[in-house]
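Structure file final_31.cif with mmCIF, C-alpha atoms:
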```cif
data_run
loop_
_atom_site.label_atom_id
_atom_site.label_comp_id
_atom_site.auth_asym_id
_atom_site.auth_seq_id
_atom_site.Cartn_x
_atom_site.Cartn_y
_atom_site.Cartn_z
CA MET A 29 103.68 123.51 122.62
CA THR A 30 103.34 121.29 119.59
CA THR A 31 101.43 122.53 116.61
CA ILE A 32 99.44 120.11 114.54
CA ASP A 33 99.40 120.54 110.79
CA LEU A 34 95.71 120.24 109.97
CA ASN A 35 96.58 118.81 106.57
CA MET A 36 98.00 115.84 108.39
CA VAL A 37 94.90 115.09 110.40
CA GLY A 38 92.88 112.32 108.83
CA ALA A 39 89.35 111.15 109.38
CA LYS A 40 88.13 110.68 112.94
CA GLY A 41 90.87 112.97 114.20
CA ALA A 42 93.60 110.39 113.87
CA LEU A 43 97.00 111.59 112.81
CA VAL A 44 97.71 110.24 109.36
CA GLU A 45 100.91 108.48 108.58
CA ALA A 46 104.06 110.42 107.80
CA ALA A 47 103.84 112.12 104.45
CA GLU A 48 106.37 109.91 102.70
CA GLY A 49 104.46 106.63 103.07
CA LYS A 50 105.91 103.27 102.16
CA TRP A 51 105.21 102.20 98.58
CA GLY A 52 105.11 104.71 95.77
CA MET A 53 105.12 105.05 92.05
CA VAL A 54 106.64 107.45 89.56
CA ILE A 55 105.11 107.81 86.09
CA ASP A 56 107.18 109.61 83.48
CA GLN A 57 104.68 111.20 81.11
CA ASP A 58 107.49 112.17 78.73
CA LEU A 59 108.10 108.48 78.09
CA CYS A 60 104.48 107.30 78.02
CA THR A 61 103.31 106.53 74.50
CA GLY A 62 99.75 105.70 75.47
CA CYS A 63 100.07 102.13 74.21
CA GLN A 64 97.70 100.72 76.90
CA ALA A 65 100.02 97.82 77.73
CA CYS A 66 99.70 98.74 81.43
CA VAL A 67 95.91 98.65 81.18
CA THR A 68 96.01 95.17 79.66
CA ALA A 69 98.62 93.85 82.08
CA CYS A 70 96.65 95.19 85.03
CA ALA A 71 93.47 93.50 83.82
CA MET A 72 95.31 90.19 83.45
CA GLU A 73 97.07 90.40 86.82
CA ASN A 74 94.08 91.48 88.86
CA ASN A 75 91.25 89.42 87.34
CA ILE A 76 89.51 92.56 86.14
CA ALA A 77 86.25 91.75 84.45
CA PHE A 78 85.54 92.35 80.77
CA VAL A 79 82.19 94.06 80.84
CA GLY A 80 81.49 93.88 77.13
CA GLU A 81 80.55 96.46 74.56
CA GLU A 82 77.07 97.27 75.79
CA ASP A 83 77.98 97.79 79.44
CA ALA A 84 81.06 99.76 78.47
CA GLY A 85 78.66 102.08 76.66
CA TYR A 86 76.86 102.61 79.94
CA GLY A 87 80.18 103.63 81.51
CA ARG A 88 80.59 100.43 83.48
CA SER A 89 84.08 99.61 82.25
CA MET A 90 86.27 98.36 85.03
CA HIS A 91 89.88 99.31 84.78
CA TRP A 92 92.22 99.98 87.67
CA ILE A 93 94.44 102.08 85.42
CA ARG A 94 93.44 104.16 82.42
CA ILE A 95 95.27 106.37 79.94
CA GLU A 96 93.85 109.87 80.03
CA ARG A 97 94.16 112.15 77.01
CA PHE A 98 93.97 115.92 77.01
CA TRP A 99 94.06 118.54 74.31
CA GLU A 100 95.04 122.19 74.34
CA GLY A 101 94.15 125.00 71.97
CA HIS A 102 91.13 125.54 69.78
CA TYR A 103 90.25 123.81 66.54
CA PRO A 104 92.00 123.64 64.08
CA HIS A 105 95.07 124.38 66.16
CA VAL A 106 94.60 121.50 68.56
CA LYS A 107 97.62 119.99 70.19
CA MET A 108 97.60 116.85 72.27
CA THR A 109 99.31 116.97 75.62
CA HIS A 110 101.16 114.09 77.25
CA TYR A 111 99.32 110.86 77.88
CA GLN A 112 98.47 110.55 81.53
CA PRO A 113 98.07 107.08 83.07
CA MET A 114 95.67 107.45 85.98
CA LEU A 115 95.38 104.87 88.73
CA CYS A 116 94.57 104.85 92.43
CA GLN A 117 96.97 107.33 94.01
CA GLN A 118 97.00 105.33 97.28
CA CYS A 119 96.43 108.59 99.15
CA GLY A 120 97.97 108.93 102.58
CA LYS A 121 94.78 110.75 103.57
CA ALA A 122 92.28 109.13 101.26
CA PRO A 123 88.90 110.80 100.75
CA CYS A 124 87.33 107.41 100.05
CA GLU A 125 88.14 105.95 103.45
CA PRO A 126 86.14 108.03 105.94
CA VAL A 127 82.93 107.86 103.91
CA CYS A 128 82.64 104.08 103.80
CA PRO A 129 79.83 103.03 106.15
CA ALA A 130 81.09 99.43 106.26
CA PHE A 131 84.80 100.17 106.80
CA ALA A 132 85.46 98.19 103.63
CA THR A 133 88.07 100.59 102.34
CA VAL A 134 90.72 101.06 104.96
CA HIS A 135 94.33 102.05 105.21
CA SER A 136 96.70 99.16 105.55
CA GLN A 137 98.87 99.80 108.59
CA SER A 138 101.69 97.54 107.48
CA GLU A 139 101.90 98.37 103.76
CA GLN A 140 100.47 101.91 104.02
CA VAL A 141 98.34 101.53 100.94
CA ASN A 142 94.63 101.96 100.62
CA VAL A 143 92.98 98.54 100.55
CA GLN A 144 89.54 97.44 99.48
CA VAL A 145 88.16 94.55 101.54
CA TYR A 146 85.80 92.86 99.11
CA ASN A 147 83.99 90.66 101.60
CA ARG A 148 83.18 93.69 103.73
CA CYS A 149 81.97 95.93 100.90
CA VAL A 150 78.20 96.32 100.62
CA GLY A 151 78.25 98.44 97.47
CA THR A 152 77.07 101.86 98.57
CA ARG A 153 79.49 103.41 95.99
CA TYR A 154 80.07 106.31 98.36
CA CYS A 155 83.85 105.87 98.09
CA GLY A 156 83.67 106.06 94.30
CA ASN A 157 81.71 109.29 94.52
CA ASN A 158 84.21 110.79 96.92
CA CYS A 159 87.33 109.84 94.98
CA PRO A 160 88.74 112.98 93.30
CA TYR A 161 90.70 110.83 90.83
CA GLN A 162 87.67 108.74 89.72
CA VAL A 163 89.67 105.54 89.80
CA ARG A 164 87.26 103.25 91.59
CA SER A 165 85.08 100.91 89.58
CA PHE A 166 81.92 99.13 90.56
CA ASN A 167 80.83 95.59 89.68
CA TRP A 168 77.36 96.21 88.31
CA PHE A 169 76.89 92.54 87.44
CA ASP A 170 78.54 89.17 88.00
CA TYR A 171 80.81 89.66 85.01
CA ASN A 172 82.85 86.64 86.10
CA ASP A 173 79.80 84.38 86.00
CA GLU A 174 79.39 82.31 82.85
CA ARG A 175 75.61 82.74 82.89
CA ILE A 176 75.99 86.54 82.70
CA ASN A 177 79.14 86.87 80.63
CA LYS A 178 79.54 84.11 78.03
CA ALA A 179 83.10 85.14 77.18
CA ILE A 180 84.33 84.25 80.66
CA ALA A 181 83.84 80.51 79.97
CA THR A 182 87.34 80.35 78.49
CA LEU A 183 88.81 83.50 80.05
CA LYS A 184 88.36 82.17 83.57
CA HIS A 185 91.23 79.75 83.01
CA GLN A 186 93.68 82.62 83.14
CA PHE A 187 92.51 84.05 86.46
CA ASN A 188 95.29 84.94 88.86
CA PRO A 189 94.83 82.66 91.89
CA ASP A 190 96.47 85.24 94.17
CA VAL A 191 93.69 87.78 93.60
CA THR A 192 90.06 87.51 94.61
CA VAL A 193 87.55 87.15 91.78
CA ARG A 194 85.09 89.88 92.63
CA ARG A 195 81.36 89.38 92.49
CA ARG A 196 78.41 91.65 91.85
CA GLY A 197 77.71 94.74 93.91
CA ILE A 198 81.14 95.59 95.23
CA MET A 199 83.65 98.31 94.56
CA GLU A 200 87.19 97.63 93.45
CA LYS A 201 90.33 99.59 92.69
CA CYS A 202 94.07 99.42 92.20
CA SER A 203 95.83 97.68 95.09
CA PHE A 204 99.41 98.55 94.04
CA CYS A 205 99.58 94.82 93.21
CA ILE A 206 99.61 93.99 96.90
CA GLN A 207 99.71 90.29 96.02
CA ARG A 208 103.12 90.90 94.45
CA ILE A 209 104.23 92.91 97.48
CA HIS A 210 103.26 90.03 99.73
CA LYS A 211 104.89 87.46 97.49
CA ALA A 212 108.17 89.38 97.38
CA GLN A 213 108.12 89.93 101.13
CA ASP A 214 107.36 86.27 101.75
CA LYS A 215 110.22 85.18 99.50
CA ALA A 216 112.63 87.66 101.07
CA LYS A 217 111.64 86.58 104.56
CA SER A 218 112.10 82.90 103.76
CA GLU A 219 115.62 83.74 102.61
CA GLY A 220 116.27 85.89 105.67
CA ARG A 221 116.74 89.24 103.95
CA GLU A 222 114.91 92.45 103.11
CA VAL A 223 113.09 93.07 99.83
CA ALA A 224 115.57 94.67 97.43
CA ASP A 225 114.65 97.70 95.32
CA GLY A 226 113.53 96.59 91.87
CA GLU A 227 113.23 92.96 92.94
CA PHE A 228 109.59 92.99 91.98
CA THR A 229 107.28 95.54 90.47
CA THR A 230 103.62 96.04 89.72
CA ALA A 231 102.01 94.51 86.64
CA CYS A 232 101.67 97.89 84.91
CA ALA A 233 105.31 98.81 85.50
CA GLN A 234 106.44 95.37 84.36
CA ALA A 235 104.48 95.60 81.13
CA CYS A 236 105.43 99.19 80.24
CA PRO A 237 107.65 98.96 77.14
CA ALA A 238 108.93 102.51 77.66
CA ASP A 239 109.71 101.97 81.36
CA ALA A 240 107.61 105.02 82.10
CA ILE A 241 106.26 103.48 85.32
CA VAL A 242 108.59 102.83 88.25
CA PHE A 243 107.47 101.27 91.50
CA GLY A 244 109.27 101.01 94.79
CA ARG A 245 109.81 102.21 98.33
CA VAL A 246 109.44 105.97 98.81
CA ASP A 247 110.75 105.79 102.36
CA ASN A 248 114.09 104.51 101.10
CA PRO A 249 116.14 107.42 99.66
CA GLU A 250 118.30 104.97 97.70
CA SER A 251 115.42 103.50 95.68
CA LEU A 252 114.90 104.44 92.06
CA VAL A 253 111.47 105.89 92.87
CA SER A 254 112.91 108.23 95.51
CA GLN A 255 115.69 109.35 93.18
CA LEU A 256 113.23 110.11 90.38
CA MET A 257 110.96 111.99 92.77
CA ALA A 258 113.94 114.07 93.90
CA GLU A 259 114.62 115.23 90.34
CA GLY A 260 112.36 118.17 90.91
CA HIS A 261 109.97 118.21 87.97
CA GLY A 262 107.48 115.83 89.53
CA VAL A 263 103.88 116.74 90.25
CA GLN A 264 101.30 115.04 92.40
CA HIS A 265 97.78 115.38 91.11
CA LEU A 266 95.23 117.24 93.23
CA SER A 267 97.67 117.34 96.12
CA GLU A 268 96.12 120.70 97.00
CA LEU A 269 93.19 118.68 98.36
CA GLY A 270 95.51 117.33 101.03
CA THR A 271 95.15 113.74 99.84
CA LEU A 272 98.90 113.01 100.07
CA PRO A 273 99.01 111.00 96.83
CA ARG A 274 101.70 108.31 96.47
CA VAL A 275 102.01 108.58 92.69
CA THR A 276 104.31 111.24 91.25
CA TYR A 277 104.06 112.32 87.62
CA LEU A 278 107.15 113.56 85.81
CA VAL A 279 106.50 116.07 83.03
CA GLY A 280 108.92 118.18 81.04
CA GLY A 281 112.12 116.45 82.00
CA GLN A 282 115.37 116.68 80.08
CA MET B 30 35.65 77.81 100.54
CA ILE B 31 38.39 78.31 103.17
CA GLN B 32 35.99 77.22 105.89
CA LYS B 33 35.28 74.06 103.92
CA VAL B 34 39.00 73.25 103.63
CA PHE B 35 39.51 73.96 107.32
CA LYS B 36 36.61 71.67 108.23
CA TRP B 37 38.06 68.89 106.10
CA LEU B 38 41.49 69.30 107.73
CA MET B 39 39.82 68.84 111.14
CA SER B 40 38.25 65.51 110.01
CA PRO B 41 40.22 62.29 110.75
CA LEU B 42 41.36 61.99 107.13
CA GLY B 43 42.41 65.65 107.11
CA ARG B 44 44.46 65.17 110.27
CA VAL B 45 46.30 62.24 108.71
CA ALA B 46 47.00 64.43 105.65
CA LEU B 47 48.34 67.19 107.92
CA VAL B 48 50.68 64.79 109.71
CA ILE B 49 51.94 63.39 106.38
CA ALA B 50 52.56 66.94 105.05
CA ALA B 51 54.45 67.90 108.22
CA LEU B 52 56.56 64.74 108.02
CA ALA B 53 57.34 65.41 104.35
CA ILE B 54 58.51 68.96 105.10
CA VAL B 55 60.68 67.82 108.02
CA SER B 56 62.24 64.98 106.04
CA VAL B 57 63.06 67.24 103.09
CA ALA B 58 64.68 69.70 105.50
CA MET B 59 66.66 66.88 107.17
CA TRP B 60 67.79 65.57 103.79
CA GLY B 61 68.88 69.06 102.79
CA ILE B 62 70.91 69.51 105.97
CA ALA B 63 72.47 66.07 105.57
CA TYR B 64 73.25 66.82 101.92
CA VAL B 65 75.12 70.05 102.58
CA GLN B 66 76.87 68.70 105.67
CA SER B 67 78.09 65.45 104.14
CA PRO B 68 81.73 65.32 103.07
CA PRO B 69 82.56 65.34 99.35
CA ALA B 70 83.18 62.03 97.58
CA GLN B 71 86.88 61.27 97.33
CA PRO B 72 88.45 58.95 94.73
CA ILE B 73 89.72 56.82 97.63
CA ASP B 74 88.24 56.82 101.13
CA PHE B 75 91.60 57.94 102.48
CA PRO B 76 92.28 57.17 106.17
CA HIS B 77 94.53 59.94 107.48
CA GLN B 78 94.58 58.27 110.88
CA ARG B 79 96.29 55.12 109.61
CA HIS B 80 98.99 57.02 107.74
CA ALA B 81 99.71 59.38 110.62
CA ALA B 82 99.79 56.45 113.06
CA ASN B 83 102.43 54.79 110.83
CA GLN B 84 104.65 57.87 111.36
CA VAL B 85 104.16 59.26 107.85
CA GLN B 86 104.96 62.96 108.21
CA CYS B 87 102.34 65.45 106.95
CA LEU B 88 104.99 67.19 104.87
CA TYR B 89 105.90 63.96 103.08
CA CYS B 90 102.62 64.06 101.14
CA HIS B 91 101.93 67.81 101.45
CA PRO B 92 105.40 69.32 100.93
CA GLY B 93 104.04 72.56 99.47
CA ALA B 94 103.15 73.77 102.96
CA ASN B 95 106.83 74.35 103.65
CA ARG B 96 107.45 76.26 100.44
CA GLY B 97 104.46 78.36 99.57
CA ALA B 98 100.78 79.13 99.69
CA SER B 99 99.29 75.73 98.94
CA SER B 100 100.21 72.56 100.78
CA GLY B 101 99.38 70.49 97.72
CA LEU B 102 97.76 67.07 97.35
CA PRO B 103 99.87 64.01 96.50
CA THR B 104 100.04 62.54 93.02
CA PRO B 105 99.46 58.79 92.47
CA SER B 106 103.20 58.25 91.99
CA LYS B 107 103.82 59.68 95.48
CA CYS B 108 101.35 57.14 96.94
CA TRP B 109 102.88 54.40 94.80
CA GLY B 110 106.35 55.05 96.18
CA CYS B 111 105.31 53.42 99.46
CA HIS B 112 102.34 51.38 98.35
CA GLN B 113 104.10 49.31 95.71
CA GLN B 114 106.11 47.77 98.54
CA LEU B 115 102.98 46.63 100.36
CA SER B 116 101.33 43.37 99.30
CA ILE B 117 97.90 44.66 100.32
CA THR B 118 98.09 47.23 97.53
CA GLN B 119 97.52 44.49 94.94
CA THR B 120 94.51 42.94 96.69
CA SER B 121 92.73 45.78 98.52
CA LYS B 122 89.43 46.80 97.00
CA LEU B 123 89.81 50.26 98.53
CA LEU B 124 93.07 50.83 96.63
CA GLY B 125 91.56 49.90 93.25
CA PRO B 126 91.49 53.54 92.05
CA LEU B 127 95.19 53.89 92.91
CA ARG B 128 96.11 50.78 90.89
CA ASP B 129 94.03 52.08 87.97
CA ALA B 130 95.60 55.54 88.23
CA ILE B 131 99.11 54.06 88.09
CA ALA B 132 98.25 51.65 85.28
CA ASN B 133 96.57 54.31 83.13
CA GLY B 134 98.66 57.30 84.12
CA THR B 135 95.57 59.22 85.19
CA PRO B 136 95.45 61.56 88.20
CA LEU B 137 93.60 60.94 91.44
CA GLN B 138 91.18 63.84 91.74
CA TRP B 139 91.27 64.54 95.46
CA VAL B 140 88.76 67.08 96.74
CA PRO B 141 90.31 69.53 99.23
CA VAL B 142 88.23 69.81 102.39
CA ALA B 143 90.21 72.37 104.42
CA GLN B 144 89.47 75.42 102.31
CA VAL B 145 89.01 79.13 102.90
CA PRO B 146 86.77 81.37 100.76
CA ASP B 147 88.11 82.94 97.58
CA PHE B 148 88.41 86.36 99.22
CA VAL B 149 90.90 85.02 101.76
CA GLN B 150 94.49 84.75 100.59
CA TYR B 151 96.06 82.14 102.81
CA ASN B 152 99.73 81.16 102.72
CA HIS B 153 100.99 78.05 104.53
CA ARG B 154 104.70 78.96 104.54
CA PRO B 155 104.77 81.85 107.05
CA HIS B 156 102.58 79.87 109.44
CA LEU B 157 104.99 76.94 109.45
CA ALA B 158 107.93 79.33 109.66
CA ALA B 159 106.31 80.88 112.75
CA GLY B 160 106.51 77.48 114.42
CA LEU B 161 102.93 76.29 114.02
CA SER B 162 102.37 72.60 113.44
CA CYS B 163 99.74 71.17 111.09
CA GLU B 164 97.67 69.94 114.06
CA ASN B 165 97.20 73.53 115.32
CA CYS B 166 94.71 74.18 112.54
CA HIS B 167 93.86 70.82 110.97
CA GLY B 168 93.09 69.02 114.22
CA ASP B 169 94.76 65.94 115.63
CA VAL B 170 95.03 64.12 112.30
CA ALA B 171 96.45 61.02 113.97
CA SER B 172 93.17 60.44 115.76
CA LEU B 173 90.80 61.52 112.95
CA LEU B 174 89.90 58.93 110.37
CA HIS B 175 89.17 61.62 107.76
CA ALA B 176 90.50 65.14 107.30
CA TYR B 177 86.99 66.63 107.19
CA GLU B 178 86.31 65.45 110.75
CA ASN B 179 88.47 68.30 112.05
CA PRO B 180 86.28 69.86 114.77
CA GLN B 181 87.90 73.29 114.32
CA VAL B 182 85.73 75.69 112.32
CA MET B 183 88.06 77.82 110.22
CA ASN B 184 86.64 81.34 110.46
CA MET B 185 88.08 84.81 110.76
CA GLY B 186 87.53 85.18 114.49
CA TRP B 187 89.58 82.06 115.07
CA CYS B 188 92.37 83.29 112.76
CA LEU B 189 92.45 86.67 114.48
CA ALA B 190 92.43 85.19 117.98
CA CYS B 191 95.71 83.44 117.18
CA HIS B 192 97.12 86.48 115.34
CA ARG B 193 96.35 88.64 118.39
CA GLU B 194 97.95 86.18 120.75
CA LYS B 195 101.12 85.82 118.68
CA SER B 196 101.56 89.55 118.08
CA ALA B 197 100.79 90.74 121.63
CA GLY B 198 103.43 93.17 122.83
CA ASN B 199 105.08 93.55 119.43
CA PRO B 200 103.65 96.66 117.71
CA GLU B 201 105.46 95.97 114.42
CA LEU B 202 104.08 92.43 114.21
CA GLU B 203 100.68 93.60 115.41
CA LYS B 204 100.48 95.98 112.46
CA LYS B 205 101.18 93.14 110.06
CA LEU B 206 99.08 90.39 111.63
CA LEU B 207 95.98 92.48 112.34
CA ASP B 208 95.99 94.26 108.98
CA CYS B 209 93.07 93.64 106.60
CA ALA B 210 95.44 93.58 103.63
CA THR B 211 97.40 90.66 105.05
CA CYS B 212 94.66 88.24 104.02
CA HIS B 213 92.11 90.18 101.96
CA TYR B 214 93.02 91.57 98.54
#
```
Write out the structure in this file as structure tokens.
Amino acid sequence: MTTIDLNMVGAKGALVEAAEGKWGMVIDQDLCTGCQACVTACAMENNIAFVGEEDAGYGRSMHWIRIERFWEGHYPHVKMTHYQPMLCQQCGKAPCEPVCPAFATVHSQSEQVNVQVYNRCVGTRYCGNNCPYQVRSFNWFDYNDERINKAIATLKHQFNPDVTVRRRGIMEKCSFCIQRIHKAQDKAKSEGREVADGEFTTACAQACPADAIVFGRVDNPESLVSQLMAEGHGVQHLSELGTLPRVTYLVGGQ
Amino acid sequence: MIQKVFKWLMSPLGRVALVIAALAIVSVAMWGIAYVQSPPAQPIDFPHQRHAANQVQCLYCHPGANRGASSGLPTPSKCWGCHQQLSITQTSKLLGPLRDAIANGTPLQWVPVAQVPDFVQYNHRPHLAAGLSCENCHGDVASLLHAYENPQVMNMGWCLACHREKSAGNPELEKKLLDCATCHY
């Protein structure tokens, strides 16, 4: 008789993918200086809208990665803890997926990441409410429309053509730079080989001056990501919820 | 008041006015349909049929299709490579914009007609590598005078029908070809 681990059962009773997944990320919080280079690089790579000062005040900022800050102790003996870059954890059993009424956020079978299908999204924001990491952002307005956002008149010339420019009323989130994954796979396939570890990386990892972010295959034990994960001092945030996050945080290393 | 208007509309003059109003609405609607359905203005009324019939390969002018996402549109110098050898190039009225572009070093601003929406990330290379020919999607260019006359409507159902057919019986390929993230991100 086979026993089924209930933590491995996803929405609609389907067995979720094996716990290791395909693509993963390791973020070394000991190295992170909180410089926000990843946040900037991500915004450039993924055509993330600049919402402006007023809308940011309403909490409508759209970033796929953010640097979280925490403090410990009581005033005046306050000590800052490590900076914590927070992005979509690409959960193996994502809480955002089963709640979408339009099936706009689904699990990619081939890349095993959580994808947002913009043309299917109707903007119920249910996924954002159900995300324990609070990493989804909603397009409250057409921030990429010149009539709404004057600043975009010149900024639109630096849009990445490989990424959809999102419009009003849809949810968006980190895609693990799936356009780069596809590009690397396409290049490798045209040359008749497999994608090598470290051949490409996400925009945030590429921009990180401290090399605190490492991206790669978690199902390949030889990859740098797998080796860093095996070091033993890694933690996965809110893994007790059974979300099977794909991002591992390293804290307190040697 | 309304009764008065209704009575007037039933009079001979009113009936004529009704017919004119109906005609005006229909003609505006027809104009609107014709306007959105008409092909965009191109710098040169380019006959694909004639070039394909003269055995010019698609990839000669659109070599990007073999290498990457976009097939590309030819520059004036590409056209000039062949056309400078043809005497008609100097006299044809149709080729005036090409002569001007070469003389002034200005680009020919072709308007792409085979386009997918922004939320679709299409890549030519894997399709050609999978053995598809241009005609599979762009229609029989050799018999179409213009590219926009392609009878095939490029929509998702049509893409998926082919993806299903090609990946049938291969679970690994099925995963890739029927995945949302293959085209939408």
So that I can see what lies close to stretch 124-137 of chain B, please list as a count of residues only the residues with an atom at most 12 Å from it, counting all atoms listed in the file and leaving out residues fewer than 3 positions away in the same chain. 25
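From atom CA of A:Ile198 back to atom CA of A:Asp170, the distance works out to 10.0 Å.
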Provide as a list in words the residues of chain B at most 8 Å from chain A, counting only C-alpha atoms.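 Residues satisfying the distance criterion: Asp147, Phe148, Val149, Gln150, Pro155, Lys204, Lys205, Asp208, Cys209, Ala210, Thr211, His213 and Tyr214 of chain B.
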To one decimal in Å, tell me the separation between atom CA of A:Ala77 and atom CA of A:Met90.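 For atom CA of A:Ala77 relative to atom CA of A:Met90, the distance reads 6.6 Å.
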Set the distance at 12 Å and use all atoms listed in the file: which residues neighbour A:Cys124 once local chain neighbours fewer than 4 positions away are removed? I'd like the list as a PyMOL selection string. chain A and resi 38-39+116-120+128-135+142-144+152-164+199-201+271
Could you tell me which residues the PyMOL selection byres ((chain A and resi 175-183) around 12) grabs in this file, written as a list in words? Ala71, Met72, Asn75, Ile76, Ala77, Phe78, Val79, Gly80, Glu81, Glu82, Asp83, Trp168, Phe169, Asp170, Tyr171, Asn172, Asp173, Glu174, Lys184, His185, Gln186, Phe187, Asn188, Val193, Arg195 and Arg196 of chain A
Could you give me the axis-aligned bounding box of stretch 117-128 of chain A, with 8 Å of padding per side, as centre plus edge lengths in Å to one decimal, as lines of an AutoDock Vina configuration file?
```
center_x = 90.3
center_y = 107.4
center_z = 100.0
size_x = 31.3
size_y = 22.7
size_z = 27.9
```
Mind pulling up the distance from atom CA of A:Gly85 to atom CA of A:His102?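 Computing it gives 27.4 Å between the two atoms.
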Selection under test: the PyMOL selection byres ((chain A and resi 238-249) around 9); residues as a PyMOL selection string: chain A and resi 48-61+66+204+225-226+228-230+232-237+250-257+274
Explicit residue set for the PyMOL selection byres ((chain B and resi 159-168) around 10), as a PyMOL selection string: chain B and resi 87-88+94+143+153-158+169-173+176-183+187-188+195
At a cut-off of 9 Å, using only C-alpha atoms, what residues contact A:Phe98? Leave out same-chain residues fewer than 3 positions from it and give the result as a ChimeraX atom specification. /A:107-112
Counting all atoms listed in the file, note down every residue that has an atom within 8 Å of the point (98.7, 86.6, 113.9) (file coordinates), as a VMD selection string. chain B and resid 188 to 196 202 to 203 205 to 207
Taking all heavy atoms as the atom set, what does stretch 36-41 of chain B look like once completed, written as a PDB file, keeping the file's coordinate frame?
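Saved result, rebuild10.pdb, follows:
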```pdb
ATOM      1  N   LYS B  36      37.466  72.708 107.650  1.00  0.00           N
ATOM      2  CA  LYS B  36      36.610  71.670 108.230  1.00  0.00           C
ATOM      3  C   LYS B  36      37.124  70.282 107.855  1.00  0.00           C
ATOM      4  O   LYS B  36      37.187  69.371 108.671  1.00  0.00           O
ATOM      5  CB  LYS B  36      35.182  71.868 107.704  1.00  0.00           C
ATOM      6  CG  LYS B  36      34.116  71.488 108.704  1.00  0.00           C
ATOM      7  CD  LYS B  36      32.768  71.936 108.185  1.00  0.00           C
ATOM      8  CE  LYS B  36      31.641  71.422 109.068  1.00  0.00           C
ATOM      9  NZ  LYS B  36      30.346  71.799 108.513  1.00  0.00           N
ATOM     10  N   TRP B  37      37.544  70.185 106.567  1.00  0.00           N
ATOM     11  CA  TRP B  37      38.060  68.890 106.100  1.00  0.00           C
ATOM     12  C   TRP B  37      39.358  68.538 106.825  1.00  0.00           C
ATOM     13  O   TRP B  37      39.596  67.403 107.195  1.00  0.00           O
ATOM     14  CB  TRP B  37      38.311  68.959 104.585  1.00  0.00           C
ATOM     15  CG  TRP B  37      38.811  67.641 104.050  1.00  0.00           C
ATOM     16  CD1 TRP B  37      38.065  66.536 103.774  1.00  0.00           C
ATOM     17  CD2 TRP B  37      40.177  67.301 103.764  1.00  0.00           C
ATOM     18  NE1 TRP B  37      38.862  65.504 103.333  1.00  0.00           N
ATOM     19  CE2 TRP B  37      40.157  65.961 103.316  1.00  0.00           C
ATOM     20  CE3 TRP B  37      41.381  67.981 103.850  1.00  0.00           C
ATOM     21  CZ2 TRP B  37      41.330  65.287 102.933  1.00  0.00           C
ATOM     22  CZ3 TRP B  37      42.531  67.313 103.474  1.00  0.00           C
ATOM     23  CH2 TRP B  37      42.512  65.993 103.024  1.00  0.00           C
ATOM     24  N   LEU B  38      40.208  69.549 107.052  1.00  0.00           N
ATOM     25  CA  LEU B  38      41.490  69.300 107.730  1.00  0.00           C
ATOM     26  C   LEU B  38      41.266  68.828 109.164  1.00  0.00           C
ATOM     27  O   LEU B  38      42.084  68.119 109.727  1.00  0.00           O
ATOM     28  CB  LEU B  38      42.352  70.565 107.730  1.00  0.00           C
ATOM     29  CG  LEU B  38      43.068  70.875 106.418  1.00  0.00           C
ATOM     30  CD1 LEU B  38      43.800  72.203 106.527  1.00  0.00           C
ATOM     31  CD2 LEU B  38      44.062  69.782 106.054  1.00  0.00           C
ATOM     32  N   MET B  39      40.119  69.247 109.760  1.00  0.00           N
ATOM     33  CA  MET B  39      39.820  68.840 111.140  1.00  0.00           C
ATOM     34  C   MET B  39      39.243  67.421 111.200  1.00  0.00           C
ATOM     35  O   MET B  39      39.222  66.797 112.246  1.00  0.00           O
ATOM     36  CB  MET B  39      38.835  69.829 111.765  1.00  0.00           C
ATOM     37  CG  MET B  39      39.474  71.148 112.176  1.00  0.00           C
ATOM     38  SD  MET B  39      40.728  70.941 113.446  1.00  0.00           S
ATOM     39  CE  MET B  39      42.208  71.323 112.548  1.00  0.00           C
ATOM     40  N   SER B  40      38.785  66.880 110.048  1.00  0.00           N
ATOM     41  CA  SER B  40      38.250  65.510 110.010  1.00  0.00           C
ATOM     42  C   SER B  40      39.398  64.525 110.159  1.00  0.00           C
ATOM     43  O   SER B  40      40.567  64.892 109.948  1.00  0.00           O
ATOM     44  CB  SER B  40      37.526  65.296 108.683  1.00  0.00           C
ATOM     45  OG  SER B  40      38.458  65.249 107.646  1.00  0.00           O
ATOM     46  N   PRO B  41      39.123  63.264 110.560  1.00  0.00           N
ATOM     47  CA  PRO B  41      40.220  62.290 110.750  1.00  0.00           C
ATOM     48  C   PRO B  41      41.134  62.166 109.535  1.00  0.00           C
ATOM     49  O   PRO B  41      42.347  62.174 109.672  1.00  0.00           O
ATOM     50  CB  PRO B  41      39.477  60.980 111.009  1.00  0.00           C
ATOM     51  CG  PRO B  41      38.163  61.388 111.555  1.00  0.00           C
ATOM     52  CD  PRO B  41      37.808  62.695 110.913  1.00  0.00           C
TER      53      PRO B  41
END
```
